[in-house]
Amino acid sequence: MIPAPGPHGGDGHRLARALGIAPDAVLDLSFSVNPFAPDVAELVAAHAGATRAYPDPSDAIGALADALDVEADRLLLTNGGAEAIALVAAEWPVGRVEGPEFSLYERHLRACAPDARVWRSNPNNPTGRLACIGERADVWDESFYPLATGSWTRGDDAVIVGSLTKVFACPGVRVGYLIAPDADRARRFARHQPEWSVNALACAIVPELVKLADLPGWRDAIASTRRELAAALWSAGLRPDPSDANYLLVRDAPGLRDHLARRAVLVRDTASFGLPGGVRIAVPHPNDLDRFVNALEGYVWTP
């Protein structure tokens, strides 16, 4: 039996158990990371000795602040983008989220109100569309922004959360960040962060990770592969939304997740975004595109 979707994708291990295959035999496109990222495992192995000491994020914060072109005292390193979201919500527990949006925002907010601070993702998750220049928010989630634009941040005078997990395809490392408009607000968010929140291994590899970034090159490679993925979906009778991101939204795809899952290819169910019956599909590496297309064969869209 194909397992039911989890709230945030990344269910490849559960599908592998259901199919009786190894986890790496599943093409997991239910979570969206950079398909062209360098192999972070080599860096992790080289810095394994860091696990013998308590974490010190100083060098990592300095390197990331230089890459983002922000003052280090405005930047927090976090245990993944999820902790960055949680820290903002802990300080600002009342907000406003207009869907479709990433469900984690509302799950962390204590209450929603029409005149409260606005939370938005840029590009939107799950549609993949970048915000227009004049659009504003109090909290921007830019986890996918570098892969959509080739730049680290739009630089708004707002709270910005991001995720190196997405940029460098290393969800197991758990490293994200929060940029505050000023140092005082950064300190206010930091009050809610546990001591040693970001592990020593993550702190050790961040300075080298940011040196490996090729944001314009990754943006262009993702855009090229995204066009091929969209063409394959259109050929199957599906209608993906236009996207600037490293994923495509198909709002009307009944039965597609299960059809692909039986062939060891997993895509994201979008019910948690408020879009039942749809899927979000991560842009795969070009080497995996044919596998996706082959798995798609035999799917019949029915209105």
# chains A, B, ... in the order shown; residues from 1 in each chain; ligands from 1
>>> select_by_dssp(residues="region 73-281 of chain A", states="helix (DSSP H, G or I)", output="PyMOL selection string")
chain A and resi 73-74+80-91+104-108+145-149+164-167+183-190+200-211+215-235+256-261+271-273
>>> closest_atom_pairs(of="region 6-55 of chain A", to="region 271-281 of chain A", cutoff="8 Å", atoms="only C-alpha atoms", output="JSON lines")
{"residue": "A:Pro7", "atom": "CA", "partner": "A:Ser272", "partner_atom": "CA", "distance": 6.2}
{"residue": "A:His8", "atom": "CA", "partner": "A:Ser272", "partner_atom": "CA", "distance": 7.8}
{"residue": "A:Leu29", "atom": "CA", "partner": "A:Ile281", "partner_atom": "CA", "distance": 5.7}
{"residue": "A:Ser30", "atom": "CA", "partner": "A:Ile281", "partner_atom": "CA", "distance": 6.2}
{"residue": "A:Phe31", "atom": "CA", "partner": "A:Ile281", "partner_atom": "CA", "distance": 8.0}
{"residue": "A:Ser32", "atom": "CA", "partner": "A:Ile281", "partner_atom": "CA", "distance": 7.8}
>>> residues_around(residues="region 162-171 of chain A", least_positions_apart="5", cutoff="10 Å", atoms="only C-alpha atoms", output="PyMOL selection string")
chain A and resi 10+31-41+64+77-85+121+140-147+152-153+176-179+206+209-210+212-215+218+246
>>> closest_residue(among="A:Leu229, A:Val293, A:Ala116, A:Ala180", to="Ala65 (chain A)", atoms="only C-alpha atoms")
A:Ala180
>>> residues_around(residues="Phe189 (chain A)", least_positions_apart="2", cutoff="8 Å", atoms="only C-alpha atoms", output="list in words")
Leu87, Val88, Ala90, Glu91, Arg185, Ala186, Arg187, Arg191, His192 and Gln193 of chain A
>>> atom_distance(atom1="CA of Pro254 (chain A)", atom2="CA of Gly6 (chain A)")
17.5 Å
>>> atom_distance(atom1="CA of Arg120 (chain A)", atom2="CA of Ala137 (chain A)")
6.3 Å
>>> closest_residue(among="A:Asp244, A:Leu68, A:Leu201, A:Gly172", to="Arg52 (chain A)", atoms="only C-alpha atoms")
A:Leu201
>>> select_by_dssp(residues="region 24-220 of chain A", states="strand (DSSP E)", output="PyMOL selection string")
chain A and resi 27-29+75-78+94-97+111-112+117-121+139-141+159-163+176-179
>>> closest_residue(among="A:Pro23, A:Pro114, A:Pro123, A:Pro216", to="Phe102 (chain A)", atoms="only C-alpha atoms")
A:Pro123
>>> atom_distance(atom1="CA of Leu15 (chain A)", atom2="CA of Val175 (chain A)")
25.6 Å
>>> closest_residue(among="A:Ala231, A:Ala245, A:Ala236, A:Val267", to="Thr302 (chain A)", atoms="only C-alpha atoms")
A:Ala236
>>> closest_residue(among="A:Arg154, A:Arg239, A:Arg219, A:Arg268", to="Asp11 (chain A)", atoms="only C-alpha atoms")
A:Arg268
>>> closest_residue(among="A:Ala48, A:Ala60, A:Leu27, A:Leu248", to="Asp290 (chain A)", atoms="only C-alpha atoms")
A:Leu27
>>> residues_around(residues="region 256-264 of chain A", least_positions_apart="2", cutoff="9 Å", atoms="only C-alpha atoms", output="MDAnalysis selection string")
chainID A and resid 1:2 12 15:16 19 21 25:28 253:254 266:269 277:279 292 295:296 298:301
